[in-house]
Structures are given as C-alpha cells and as structure tokens.
$ cat data_17.pdb   # PDB, C-alpha atoms
ATOM      1  CA  MET L1324      47.816  19.609 -39.370
ATOM      2  CA  ASN L1325      51.420  18.903 -38.408
ATOM      3  CA  THR L1326      53.951  16.437 -39.787
ATOM      4  CA  ASN L1327      53.271  12.891 -38.552
ATOM      5  CA  ASP L1328      49.711  13.781 -37.571
ATOM      6  CA  SER L1329      47.124  11.202 -38.541
ATOM      7  CA  LEU L1330      44.173  11.660 -40.842
ATOM      8  CA  PRO L1331      40.849  10.352 -39.524
ATOM      9  CA  ILE L1332      40.271   6.650 -40.176
ATOM     10  CA  THR L1333      37.515   5.873 -42.677
ATOM     11  CA  THR L1334      35.976   2.551 -43.677
ATOM     12  CA  TYR L1335      34.622   0.913 -46.828
ATOM     13  CA  LEU L1336      32.762  -2.404 -46.905
ATOM     14  CA  THR L1337      33.693  -4.568 -49.872
ATOM     15  CA  THR L1338      30.927  -6.595 -51.504
ATOM     16  CA  VAL L1339      30.811  -8.909 -54.499
ATOM     17  CA  LYS L1340      28.868  -6.223 -56.325
ATOM     18  CA  ASN L1341      31.212  -3.296 -55.663
ATOM     19  CA  ILE L1342      34.369  -5.316 -56.430
ATOM     20  CA  GLN L1343      32.801  -6.455 -59.712
ATOM     21  CA  ALA L1344      31.562  -2.939 -60.492
ATOM     22  CA  GLY L1345      34.954  -1.375 -59.725
ATOM     23  CA  ALA L1346      36.657  -3.795 -62.112
ATOM     24  CA  ILE L1347      34.115  -3.612 -64.933
ATOM     25  CA  PHE L1348      33.769   0.180 -64.800
ATOM     26  CA  SER L1349      37.554   0.523 -64.888
ATOM     27  CA  ARG L1350      37.497  -1.618 -68.053
ATOM     28  CA  ASP L1351      39.427  -4.428 -66.378
ATOM     29  CA  TRP L1352      37.949  -7.629 -67.768
ATOM     30  CA  ALA L1353      40.234 -10.102 -65.959
ATOM     31  CA  PRO L1354      37.996 -12.812 -64.457
ATOM     32  CA  LEU L1355      39.708 -12.828 -61.073
ATOM     33  CA  HIS L1356      37.939  -9.505 -60.375
ATOM     34  CA  SER L1357      34.462 -10.403 -61.570
ATOM     35  CA  ASP L1358      33.899 -14.175 -61.894
ATOM     36  CA  GLN L1359      33.588 -15.910 -58.518
ATOM     37  CA  ASP L1360      33.611 -19.399 -60.006
ATOM     38  CA  TRP L1361      36.791 -18.664 -61.978
ATOM     39  CA  ALA L1362      38.510 -17.001 -58.986
ATOM     40  CA  LYS L1363      37.737 -19.862 -56.612
ATOM     41  CA  ASN L1364      38.104 -22.864 -58.878
ATOM     42  CA  LYS L1365      40.661 -21.795 -61.479
ATOM     43  CA  ALA L1366      42.811 -19.286 -59.608
ATOM     44  CA  LYS L1367      42.354 -21.034 -56.238
ATOM     45  CA  LEU L1368      41.660 -17.694 -54.565
ATOM     46  CA  PRO L1369      39.243 -17.391 -51.639
ATOM     47  CA  ASP L1370      36.952 -15.247 -53.855
ATOM     48  CA  ILE L1371      37.139 -12.499 -56.492
ATOM     49  CA  ILE L1372      39.708  -9.842 -55.583
ATOM     50  CA  MET L1373      39.666  -6.058 -55.851
ATOM     51  CA  ASN L1374      41.593  -4.727 -58.869
ATOM     52  CA  ASN L1375      44.386  -2.125 -58.765
ATOM     53  CA  TYR L1376      42.265   0.668 -60.203
ATOM     54  CA  THR L1377      39.518   0.281 -57.618
ATOM     55  CA  LEU L1378      42.009   0.264 -54.771
ATOM     56  CA  ASN L1379      43.765   3.299 -56.259
ATOM     57  CA  GLY L1380      40.386   5.006 -56.616
ATOM     58  CA  LEU L1381      39.543   4.373 -52.967
ATOM     59  CA  ILE L1382      42.946   5.685 -51.823
ATOM     60  CA  ILE L1383      42.461   8.868 -53.879
ATOM     61  CA  LYS L1384      38.918   9.256 -52.521
ATOM     62  CA  TYR L1385      40.285   8.984 -48.957
ATOM     63  CA  VAL L1386      42.651  11.902 -49.634
ATOM     64  CA  THR L1387      40.195  14.127 -51.535
ATOM     65  CA  ASP L1388      37.431  13.506 -48.976
ATOM     66  CA  TYR L1389      39.745  14.774 -46.243
ATOM     67  CA  TYR L1390      41.495  17.682 -47.989
ATOM     68  CA  GLY L1391      38.559  18.844 -50.107
ATOM     69  CA  ALA L1392      37.157  18.417 -53.591
ATOM     70  CA  SER L1393      39.707  20.651 -55.305
ATOM     71  CA  THR L1394      42.643  18.522 -54.098
ATOM     72  CA  ARG L1395      44.871  17.636 -57.050
ATOM     73  CA  ILE L1396      46.460  14.196 -56.869
ATOM     74  CA  GLY L1397      49.941  14.206 -58.409
ATOM     75  CA  LYS L1398      51.388  10.823 -57.643
ATOM     76  CA  VAL L1399      50.282   7.553 -56.089
ATOM     77  CA  GLN L1400      52.743   4.796 -55.340
ATOM     78  CA  PHE L1401      51.110   1.683 -53.933
ATOM     79  CA  ASN L1402      51.536  -1.999 -53.408
ATOM     80  CA  ILE L1403      49.066  -4.688 -52.542
ATOM     81  CA  LYS L1404      50.404  -7.064 -49.927
ATOM     82  CA  LYS L1405      47.363  -9.365 -49.714
ATOM     83  CA  PRO L1406      44.347  -9.827 -51.984
ATOM     84  CA  ILE L1407      41.225  -7.913 -50.975
ATOM     85  CA  CYS L1408      38.043 -10.003 -51.154
ATOM     86  CA  PRO L1409      34.312  -9.295 -50.660
ATOM     87  CA  ASN L1410      32.625  -8.813 -47.289
ATOM     88  CA  LYS L1411      35.596  -7.157 -45.638
ATOM     89  CA  THR L1412      35.676  -3.798 -43.902
ATOM     90  CA  LEU L1413      38.638  -1.833 -45.230
ATOM     91  CA  GLU L1414      40.093   0.757 -42.870
ATOM     92  CA  PHE L1415      41.996   3.658 -44.408
ATOM     93  CA  HIS L1416      44.733   5.113 -42.207
ATOM     94  CA  GLY L1417      46.773   8.141 -43.249
ATOM     95  CA  ASN L1418      49.712  10.151 -41.952
ATOM     96  CA  LEU L1419      51.050  13.485 -43.093
ATOM     97  CA  ILE L1420      54.713  12.981 -43.993
ATOM     98  CA  SER L1421      55.461  16.550 -45.058
ATOM     99  CA  GLU L1422      53.810  19.755 -46.176
ATOM    100  CA  ALA L1423      55.474  22.376 -48.372
ATOM    101  CA  ARG L1424      53.714  25.723 -48.631
ATOM    102  CA  ILE L1425      53.913  27.039 -52.202
ATOM    103  CA  SER L1426      51.674  30.086 -51.791
ATOM    104  CA  ARG L1427      49.342  31.695 -49.284
ATOM    105  CA  GLU L1428      46.569  29.316 -50.328
ATOM    106  CA  LEU L1429      48.334  26.208 -51.631
ATOM    107  CA  SER L1430      50.473  23.413 -50.201
ATOM    108  CA  ILE L1431      51.997  20.235 -51.537
ATOM    109  CA  VAL L1432      51.497  17.380 -49.088
ATOM    110  CA  ARG L1433      53.109  13.979 -48.935
ATOM    111  CA  LEU L1434      51.093  11.274 -47.226
ATOM    112  CA  ALA L1435      51.509   7.656 -46.189
ATOM    113  CA  ILE L1436      48.346   5.556 -46.384
ATOM    114  CA  GLU L1437      47.673   2.065 -45.105
ATOM    115  CA  VAL L1438      44.663  -0.051 -45.973
ATOM    116  CA  LYS L1439      43.935  -2.488 -43.171
ATOM    117  CA  ILE L1440      41.536  -5.318 -42.504
ATOM    118  CA  SER L1441      41.263  -6.419 -38.857
ATOM    119  CA  SER L1442      44.498  -4.579 -37.991
ATOM    120  CA  GLN L1443      46.488  -6.279 -40.769
ATOM    121  CA  THR L1444      47.911  -4.157 -43.581
ATOM    122  CA  PHE L1445      46.618  -5.320 -46.968
ATOM    123  CA  ALA L1446      47.972  -2.405 -49.021
ATOM    124  CA  SER L1447      50.097   0.672 -48.514
ATOM    125  CA  ALA L1448      50.569   3.830 -50.517
ATOM    126  CA  LYS L1449      52.507   7.067 -50.723
ATOM    127  CA  ILE L1450      50.737  10.080 -52.164
ATOM    128  CA  ILE L1451      51.763  13.526 -53.371
ATOM    129  CA  ALA L1452      48.876  15.984 -53.642
ATOM    130  CA  GLY L1453      48.254  19.692 -54.020
ATOM    131  CA  ILE L1454      45.776  21.071 -51.524
ATOM    132  CA  ASN L1455      43.902  24.309 -51.242
ATOM    133  CA  LEU L1456      44.241  25.577 -47.682
ATOM    134  CA  LEU L1457      41.375  28.039 -47.876
ATOM    135  CA  ASN L1458      39.106  25.769 -49.909
ATOM    136  CA  LYS L1459      38.540  28.522 -52.465
ATOM    137  CA  THR L1460      38.379  27.924 -56.189
ATOM    138  CA  THR L1461      40.147  31.154 -57.100
ATOM    139  CA  ASN L1462      43.569  29.604 -56.601
ATOM    140  CA  SER L1463      42.897  25.916 -57.115
ATOM    141  CA  PRO L1464      45.886  23.544 -57.413
ATOM    142  CA  TRP L1465      44.319  22.524 -60.747
ATOM    143  CA  LYS L1466      45.351  25.923 -62.112
ATOM    144  CA  ILE L1467      49.076  25.188 -61.664
ATOM    145  CA  ASP L1468      50.654  24.766 -65.120
ATOM    146  CA  ARG L1469      51.888  21.311 -66.125
ATOM    147  CA  ASP L1470      55.642  21.939 -65.920
ATOM    148  CA  THR L1471      55.447  23.553 -62.495
ATOM    149  CA  TRP L1472      53.147  20.770 -61.318
ATOM    150  CA  LYS L1473      55.574  18.082 -62.543
ATOM    151  CA  SER L1474      58.394  19.756 -60.619
ATOM    152  CA  TYR L1475      56.407  19.276 -57.396
ATOM    153  CA  LEU L1476      56.223  15.527 -58.011
ATOM    154  CA  LEU L1477      59.983  15.000 -57.896
ATOM    155  CA  GLU L1478      61.124  13.121 -54.806
TER     156      GLU L1478
ATOM    157  CA  MET M1176      72.379 -13.380 -64.416
ATOM    158  CA  LYS M1177      71.582 -10.542 -66.794
ATOM    159  CA  SER M1178      73.989 -12.076 -69.315
ATOM    160  CA  ASP M1179      71.558 -15.021 -69.527
ATOM    161  CA  LEU M1180      68.851 -12.780 -70.873
ATOM    162  CA  PRO M1181      67.755 -13.449 -74.449
ATOM    163  CA  LYS M1182      68.928 -10.846 -76.963
ATOM    164  CA  GLU M1183      65.287 -10.015 -77.705
ATOM    165  CA  ILE M1184      64.874  -8.865 -74.083
ATOM    166  CA  LEU M1185      68.090  -6.834 -73.965
ATOM    167  CA  LYS M1186      67.043  -5.019 -77.138
ATOM    168  CA  LEU M1187      63.774  -3.996 -75.495
ATOM    169  CA  ILE M1188      65.294  -2.091 -72.579
ATOM    170  CA  GLY M1189      64.621   1.625 -72.939
ATOM    171  CA  MET M1190      62.810   1.205 -76.265
ATOM    172  CA  THR M1191      59.148   1.891 -76.963
ATOM    173  CA  TYR M1192      57.651  -1.561 -77.561
ATOM    174  CA  CYS M1193      54.168  -0.649 -78.698
ATOM    175  CA  MET M1194      51.835   2.299 -79.018
ATOM    176  CA  ASP M1195      48.120   1.707 -78.548
ATOM    177  CA  SER M1196      45.646   4.192 -79.921
ATOM    178  CA  SER M1197      42.618   5.085 -77.874
ATOM    179  CA  PRO M1198      39.875   2.446 -78.144
ATOM    180  CA  VAL M1199      37.212   4.540 -76.420
ATOM    181  CA  THR M1200      36.430   8.218 -75.981
ATOM    182  CA  VAL M1201      36.521   9.445 -72.383
ATOM    183  CA  GLN M1202      32.906   9.801 -71.251
ATOM    184  CA  LYS M1203      31.455  11.087 -68.023
ATOM    185  CA  GLY M1204      28.868   8.291 -67.900
ATOM    186  CA  LEU M1205      31.686   5.746 -67.788
ATOM    187  CA  TRP M1206      33.717   7.461 -65.067
ATOM    188  CA  GLN M1207      30.574   8.205 -63.026
ATOM    189  CA  ASN M1208      29.771   4.472 -62.994
ATOM    190  CA  PHE M1209      33.228   3.916 -61.490
ATOM    191  CA  CYS M1210      32.739   6.739 -58.957
ATOM    192  CA  SER M1211      29.421   5.166 -58.007
ATOM    193  CA  ALA M1212      31.119   1.795 -57.407
ATOM    194  CA  ILE M1213      33.614   3.364 -54.988
ATOM    195  CA  GLU M1214      31.074   5.861 -53.575
ATOM    196  CA  ASP M1215      33.154   8.881 -54.551
ATOM    197  CA  GLY M1216      30.964  11.971 -54.663
ATOM    198  CA  ASN M1217      33.720  14.500 -55.394
ATOM    199  CA  PRO M1218      31.901  17.254 -57.342
ATOM    200  CA  LEU M1219      34.811  17.569 -59.792
ATOM    201  CA  TYR M1220      33.545  14.296 -61.299
ATOM    202  CA  TRP M1221      29.819  15.039 -60.964
ATOM    203  CA  ASP M1222      28.906  18.725 -60.729
ATOM    204  CA  ASN M1223      29.597  20.992 -63.704
ATOM    205  CA  SER M1224      29.191  24.248 -61.810
ATOM    206  CA  LEU M1225      31.771  23.331 -59.147
ATOM    207  CA  SER M1226      34.131  21.553 -61.488
ATOM    208  CA  ASN M1227      34.168  24.483 -63.926
ATOM    209  CA  LYS M1228      35.722  26.710 -61.273
ATOM    210  CA  ASN M1229      38.713  24.372 -61.011
ATOM    211  CA  ASN M1230      39.037  22.821 -64.441
ATOM    212  CA  ASP M1231      36.677  24.500 -66.917
ATOM    213  CA  SER M1232      34.707  21.233 -67.123
ATOM    214  CA  LEU M1233      34.060  17.945 -65.347
ATOM    215  CA  ILE M1234      37.106  15.701 -65.031
ATOM    216  CA  SER M1235      37.519  11.933 -64.986
ATOM    217  CA  HIS M1236      38.537  10.190 -61.777
ATOM    218  CA  PRO M1237      42.376  10.099 -61.898
ATOM    219  CA  ALA M1238      42.510   6.385 -61.026
ATOM    220  CA  LEU M1239      40.914   5.645 -64.406
ATOM    221  CA  LEU M1240      43.769   7.075 -66.475
ATOM    222  CA  PRO M1241      45.097   3.633 -67.551
ATOM    223  CA  SER M1242      41.535   2.384 -68.151
ATOM    224  CA  TRP M1243      40.990   4.818 -71.030
ATOM    225  CA  ALA M1244      43.678   2.974 -72.954
ATOM    226  CA  HIS M1245      42.134  -0.466 -72.318
ATOM    227  CA  ASP M1246      40.411  -2.108 -75.217
ATOM    228  CA  PHE M1247      36.858  -3.427 -75.175
ATOM    229  CA  GLN M1248      36.161  -6.936 -73.949
ATOM    230  CA  TRP M1249      34.791  -7.725 -77.419
ATOM    231  CA  HIS M1250      34.624  -5.780 -80.664
ATOM    232  CA  PRO M1251      32.476  -6.516 -83.729
ATOM    233  CA  GLU M1252      35.148  -5.800 -86.356
ATOM    234  CA  ARG M1253      38.615  -6.600 -85.070
ATOM    235  CA  GLU M1254      40.744  -8.600 -82.685
ATOM    236  CA  ILE M1255      41.020  -7.259 -79.163
ATOM    237  CA  VAL M1256      44.284  -5.622 -78.046
ATOM    238  CA  HIS M1257      45.127  -6.998 -74.619
ATOM    239  CA  PRO M1258      46.515  -4.606 -72.005
ATOM    240  CA  MET M1259      50.174  -4.796 -70.989
ATOM    241  CA  GLN M1260      51.237  -6.674 -74.113
ATOM    242  CA  LEU M1261      54.889  -6.033 -73.287
ATOM    243  CA  HIS M1262      54.566  -7.811 -69.936
ATOM    244  CA  PHE M1263      53.119 -10.916 -71.591
ATOM    245  CA  TYR M1264      55.764 -10.804 -74.338
ATOM    246  CA  ILE M1265      58.522 -10.763 -71.692
ATOM    247  CA  LYS M1266      56.894 -13.643 -69.799
ATOM    248  CA  ASP M1267      56.789 -15.685 -72.998
ATOM    249  CA  LEU M1268      60.379 -14.891 -73.958
ATOM    250  CA  LEU M1269      61.629 -15.879 -70.499
ATOM    251  CA  ASN M1270      59.339 -18.900 -70.258
ATOM    252  CA  LEU M1271      57.902 -17.619 -66.977
ATOM    253  CA  PRO M1272      54.225 -18.603 -67.020
ATOM    254  CA  LEU M1273      53.121 -16.780 -63.874
ATOM    255  CA  GLY M1274      53.281 -13.094 -63.058
ATOM    256  CA  ILE M1275      52.127 -10.661 -60.395
ATOM    257  CA  VAL M1276      52.249  -6.898 -59.948
ATOM    258  CA  THR M1277      54.417  -6.005 -56.967
ATOM    259  CA  GLU M1278      54.211  -2.192 -57.041
ATOM    260  CA  VAL M1279      52.515   0.542 -59.033
ATOM    261  CA  GLU M1280      53.575   4.172 -59.295
ATOM    262  CA  ILE M1281      51.360   6.531 -61.241
ATOM    263  CA  GLU M1282      51.802  10.242 -61.906
ATOM    264  CA  PHE M1283      49.030  12.557 -63.091
ATOM    265  CA  TYR M1284      50.109  15.642 -65.031
ATOM    266  CA  ASP M1285      46.838  16.913 -66.449
ATOM    267  CA  ALA M1286      43.126  16.371 -65.987
ATOM    268  CA  VAL M1287      41.391  13.970 -68.371
ATOM    269  CA  LYS M1288      38.056  15.310 -69.603
ATOM    270  CA  ASP M1289      34.904  14.287 -71.418
ATOM    271  CA  GLY M1290      35.709  13.779 -75.114
ATOM    272  CA  ASP M1291      39.444  13.168 -74.657
ATOM    273  CA  LYS M1292      41.069  10.232 -76.419
ATOM    274  CA  ILE M1293      43.938   8.597 -74.532
ATOM    275  CA  SER M1294      46.671   6.619 -76.256
ATOM    276  CA  SER M1295      49.554   4.839 -74.557
ATOM    277  CA  GLU M1296      53.041   3.516 -75.157
ATOM    278  CA  GLN M1297      54.909   0.819 -73.239
ATOM    279  CA  LYS M1298      58.608   0.653 -72.494
ATOM    280  CA  LEU M1299      60.737  -1.864 -70.565
ATOM    281  CA  ILE M1300      62.793   0.102 -68.032
ATOM    282  CA  SER M1301      64.733  -2.639 -66.283
ATOM    283  CA  ILE M1302      64.909  -6.360 -65.616
ATOM    284  CA  SER M1303      66.598  -8.076 -62.693
ATOM    285  CA  ASP M1304      68.905 -11.012 -62.334
ATOM    286  CA  CYS M1305      67.270 -14.361 -61.549
ATOM    287  CA  VAL M1306      65.701 -14.436 -58.077
ATOM    288  CA  ASP M1307      64.349 -17.122 -55.759
ATOM    289  CA  THR M1308      61.138 -16.001 -54.082
ATOM    290  CA  LYS M1309      58.488 -17.659 -51.932
ATOM    291  CA  LEU M1310      56.369 -17.953 -55.062
ATOM    292  CA  GLY M1311      59.050 -19.540 -57.234
ATOM    293  CA  ASN M1312      62.077 -18.722 -59.410
ATOM    294  CA  GLY M1313      61.902 -15.789 -61.765
ATOM    295  CA  ARG M1314      62.828 -12.186 -62.414
ATOM    296  CA  TYR M1315      61.525  -8.735 -61.554
ATOM    297  CA  TRP M1316      60.966  -6.161 -64.268
ATOM    298  CA  GLU M1317      59.626  -2.628 -64.562
ATOM    299  CA  ILE M1318      57.469  -1.357 -67.408
ATOM    300  CA  GLU M1319      56.679   2.307 -67.961
ATOM    301  CA  VAL M1320      53.425   3.239 -69.659
ATOM    302  CA  SER M1321      53.021   6.823 -70.874
ATOM    303  CA  TYR M1322      49.562   8.225 -71.581
ATOM    304  CA  TYR M1323      48.886  10.962 -74.139
ATOM    305  CA  ASN M1324      45.756  12.880 -75.016
ATOM    306  CA  GLN M1325      44.513  13.565 -78.546
ATOM    307  CA  ILE M1326      46.886  16.524 -78.947
ATOM    308  CA  LYS M1327      49.851  14.396 -77.890
ATOM    309  CA  GLU M1328      50.264  16.009 -74.481
ATOM    310  CA  LEU M1329      51.646  13.649 -71.853
ATOM    311  CA  VAL M1330      48.824  13.501 -69.290
ATOM    312  CA  GLY M1331      50.312  10.846 -67.023
ATOM    313  CA  LYS M1332      52.737   8.004 -66.600
ATOM    314  CA  GLN M1333      52.568   4.667 -64.853
ATOM    315  CA  ASN M1334      55.503   2.521 -63.726
ATOM    316  CA  ILE M1335      54.527  -1.052 -62.942
ATOM    317  CA  HIS M1336      56.823  -3.509 -61.202
ATOM    318  CA  PHE M1337      56.229  -7.188 -61.955
ATOM    319  CA  LEU M1338      57.520 -10.487 -60.746
ATOM    320  CA  GLY M1339      57.470 -13.169 -63.435
ATOM    321  CA  TYR M1340      58.065 -16.652 -62.045
ATOM    322  CA  GLN M1341      57.622 -20.393 -62.334
ATOM    323  CA  LYS M1342      56.897 -22.895 -59.587
TER     324      LYS M1342
END
$ encode --input "data_17.pdb" --output "structure tokens"
Amino acid sequence: MNTNDSLPITTYLTTVKNIQAGAIFSRDWAPLHSDQDWAKNKAKLPDIIMNNYTLNGLIIKYVTDYYGASTRIGKVQFNIKKPICPNKTLEFHGNLISEARISRELSIVRLAIEVKISSQTFASAKIIAGINLLNKTTNSPWKIDRDTWKSYLLE
Amino acid sequence: MKSDLPKEILKLIGMTYCMDSSPVTVQKGLWQNFCSAIEDGNPLYWDNSLSNKNNDSLISHPALLPSWAHDFQWHPEREIVHPMQLHFYIKDLLNLPLGIVTEVEIEFYDAVKDGDKISSEQKLISISDCVDTKLGNGRYWEIEVSYYNQIKELVGKQNIHFLGYQK
C-alpha cells in the first residue's frame, strides 16, 4: 500500500441494542447512551447516542481487521462531529498517511479515518499503529519494548 | 480572559487533582462482552493460543483502557466515584452548567491483561480564555488522565478536550 492509498470501506449497522451494549460493557452508565426515554425527553436528542469508547472500539477494529490481528494500536485521536444514533449504517473510510519501516517485518503506519453516514462525516480520527508486514508472530509489534514503542508515537 | 479565572482553577493547572484506585479487576468476560457488542473477533481478545504468541496471554480491547478505571453504577458499601471528577469540579467553579467533549487523544503503551488492576490520575493541562460558540459562552479546557497498572507502570494516557458553556 502506498501513501494516500485508501483502505477498503467497511460498514456497521447501529441498533438500539448494540449502542446500549457498547456503553454498558464499557462501564459507561450515562443515560444518554442507554435510556431512550431519557435521551429523547430529557436531553432532547433524536435517540440514544453511541459513546466514545464504542466509537473508538469500532475505529480500532477497522484498522486491526485490515492490517491483521497482531496490529498494535499506539495512538487514536478522534472527534465526534455529530451524534451517532441507532438504525444508521456507519461507513468507515481510511487513508494511509505515512508508513515508516522499522525492520524487515515491521512498519509504523499513520492513518486518517472518517466515519460517515449517508456521505456526511460524523467522526474523524488519526491513528498510529504498528503492523506486521509478514503476518508472523515471531516479530510481532507487541514485542517492542515500552520506551521504544513510545518513541514511535511522537508526532 | 485568563486573569478572570478563579484562583482555585489556576492552582489546578499542571497538578494532579485526584487519583482513583481500580474499582474492578480486568476480566476477559467483561472485555469479550464489549468485543461482542462491536463484533470484533480479533483473536488477541478471544483465542489464547494465538494471543500467547504476541502477548503471552489474552489482552483487553485497547478502547476499554479508561473503562477499567470507571466505578460501578452502584456499590453495596460505599458512595460511587463518578468519572472525570475534575471536569465536573471545573464546571462548578466556573458556573458553566453544560459541557461536551470536543476531542479525545489516547495513547496505549502496554497491553492490559486479565487480572490487571488499573488506577488513574487526572490533571488539568490548560484552560482557554472565554469564547463565544454556537452552543453558548464558555471556555475550552484539556484534562490528561494517566492510567497505571498494579505495579505502577504507565500503561496509557488520555487527553480529553472539553467545552464548558452556558446558554
């Protein structure tokens, strides 16, 4: 993959159940993520909304699904531009910003991700991740020591 | 104007405001429920034999790092510690009743594993001058939350940018 190349687009259908489950299983008890009555009538939102941790989880899943299970996520910087509600098809779009080879088997990639609904951007993210080019476990990015790993996360 | 900021706020900048000890032990059943909700089948979270080759054991989904420092919704013996206490303290001091997260930056330094206990500390990094936004008048501020495991290793760090405002 070359700089500025796009990752394949993937989709995820939000439902009341998976937005509630994402919030509850990330120990986020705020009612705007799990109580439809509260979200609509107290917060005046269209419905419950996806929480930060669920969105972050989906962004990380998008990257690890593409680059392989042993991908090590180092940094995620994201912002939510519009609330994400149930019964929407999220589209994940990604672009490779840069790739730095650190060994024969490993690279550090920087990616830009956009989460869209009906062509509108609802969230965007920048990611730094370590990837295994040969998809072998002998030289996994998870085996990089902490100090070296932290040095790769500097902008 | 920053000079309008209460002394209590100025004193907070760069200082650790609170340290929260781990309310819950990291457990694979809990992170696998989350992975199920987002349909993430990465074997590092599910399959011991594959995960062992990378990490010596299963690991928690990275997105859950802050969650391990969240208290229960209810506890039989004590008051609940609410997350992001510093944010709510700042809102109260500035009399800004409403607040939203505008940006999150999270770094992961080490894997979090079954049996770990994650504690956290919160620090105010910066606070802006007064701003007029579409939502109302208020200020932006940035809080850094550092996460440590049971042997006090820094396993990750989160910087959260907030807008506190009033209509």
$ residues_around --input "data_17.pdb" --residues "stretch 1340-1344 of chain L" --least-positions-apart "4" --cutoff "8 Å" --atoms "all atoms listed in the file" --output "PyMOL selection string"
(chain L and resi 1348+1356-1357+1371-1374+1377+1408-1409) or (chain M and resi 1209+1212-1213)
$ atom_distance --input "data_17.pdb" --atom1 "atom CA of M:Ser1301" --atom2 "atom CA of L:Asn1375"
21.7 Å
$ resolve_selection --input "data_17.pdb" --expression "the PyMOL selection byres ((chain M) within 7 of (chain L))" --output "list in words"
Leu1205, Asn1208, Phe1209, Ala1212, Ile1213, Asp1215, Asn1217, Pro1218, Leu1219, Lys1228, Asn1229, Asn1230, Ala1238, Leu1239, Ser1242, His1245, Gln1248, Thr1277, Glu1278, Val1279, Glu1280, Ile1281, Glu1282, Phe1283, Tyr1284 and Asp1285 of chain M
$ residues_near_point --input "data_17.pdb" --point "(35.4, 10.6, -77.1)" --cutoff "10 Å" --atoms "all atoms listed in the file" --output "list in words"
Ser1197, Pro1198, Val1199, Thr1200, Val1201, Gln1202, Lys1203, Lys1288, Asp1289, Gly1290, Asp1291, Lys1292, Ile1293 and Gln1325 of chain M
$ atom_distance --input "data_17.pdb" --atom1 "atom CA of M:Ile1188" --atom2 "atom CA of M:Ala1286"
29.6 Å
$ residues_around --input "data_17.pdb" --residues "L:Asn1327" --least-positions-apart "3" --cutoff "7 Å" --atoms "all atoms listed in the file" --output "PDB file with C-alpha atoms, in the coordinates of the input"
ATOM      1  CA  ASN L1418      49.712  10.151 -41.952  1.00  0.00           C
ATOM      2  CA  LEU L1419      51.050  13.485 -43.093  1.00  0.00           C
ATOM      3  CA  ILE L1420      54.713  12.981 -43.993  1.00  0.00           C
TER       4      ILE L1420
END
$ resolve_selection --input "data_17.pdb" --expression "the PyMOL selection byres ((chain M and resi 1320) around 7)" --output "ChimeraX atom specification"
/M:1295-1298,1318-1319,1321-1322,1332-1334
$ atom_distance --input "data_17.pdb" --atom1 "atom CA of L:Ile1436" --atom2 "atom CA of L:Phe1415"
6.9 Å
$ closest_residue --input "data_17.pdb" --among "M:Ser1211, M:Ser1303, M:Ser1226, M:Gln1260" --to "M:Leu1185" --atoms "only C-alpha atoms"
M:Ser1303
$ resolve_selection --input "data_17.pdb" --expression "the PyMOL selection byres ((chain M and resi 1271) around 8)" --output "PyMOL selection string"
chain M and resi 1266-1270+1272-1274+1313+1339-1341
$ residues_around --input "data_17.pdb" --residues "M:Lys1186" --least-positions-apart "2" --cutoff "12 Å" --atoms "all atoms listed in the file" --output "ChimeraX atom specification"
/M:1180-1184,1188-1192,1265,1298-1302
$ closest_residue --input "data_17.pdb" --among "L:Glu1428, L:Glu1414, L:Phe1445, L:Pro1354" --to "L:Leu1330" --atoms "only C-alpha atoms"
L:Glu1414
$ closest_residue --input "data_17.pdb" --among "L:Lys1405, L:Lys1367, L:Lys1439, L:His1416" --to "L:Leu1355" --atoms "only C-alpha atoms"
L:Lys1367
$ closest_residue --input "data_17.pdb" --among "M:Val1276, M:Asp1307, M:Ile1326, M:His1262" --to "M:Leu1187" --atoms "all atoms listed in the file"
M:His1262
$ decode --input "data_17.pdb" --residues "stretch 1317-1338 of chain M" --atoms "C-alpha atoms" --output "compact mmCIF listing (two decimals), in the first residue's frame"
# COMPACT_ATOMS: atom_id res chain seq x y z
CA GLU M 1317 -7.88 19.93 28.44
CA ILE M 1318 -7.62 17.20 31.06
CA GLU M 1319 -4.98 14.49 30.99
CA VAL M 1320 -5.77 11.13 32.55
CA SER M 1321 -2.89 8.72 33.15
CA TYR M 1322 -3.56 5.02 33.65
CA TYR M 1323 -1.31 2.74 35.71
CA ASN M 1324 -1.35 -0.99 36.29
CA GLN M 1325 -0.96 -2.70 39.67
CA ILE M 1326 2.84 -2.38 39.53
CA LYS M 1327 2.59 1.34 38.82
CA GLU M 1328 3.63 1.08 35.18
CA LEU M 1329 2.08 3.75 32.97
CA VAL M 1330 0.01 1.70 30.51
CA GLY M 1331 -1.67 4.58 28.70
CA LYS M 1332 -2.71 8.19 28.74
CA GLN M 1333 -5.80 10.03 27.58
CA ASN M 1334 -6.09 13.75 26.80
CA ILE M 1335 -9.67 14.97 26.65
CA HIS M 1336 -10.66 18.37 25.32
CA PHE M 1337 -13.89 19.83 26.70
CA LEU M 1338 -16.05 22.82 26.05
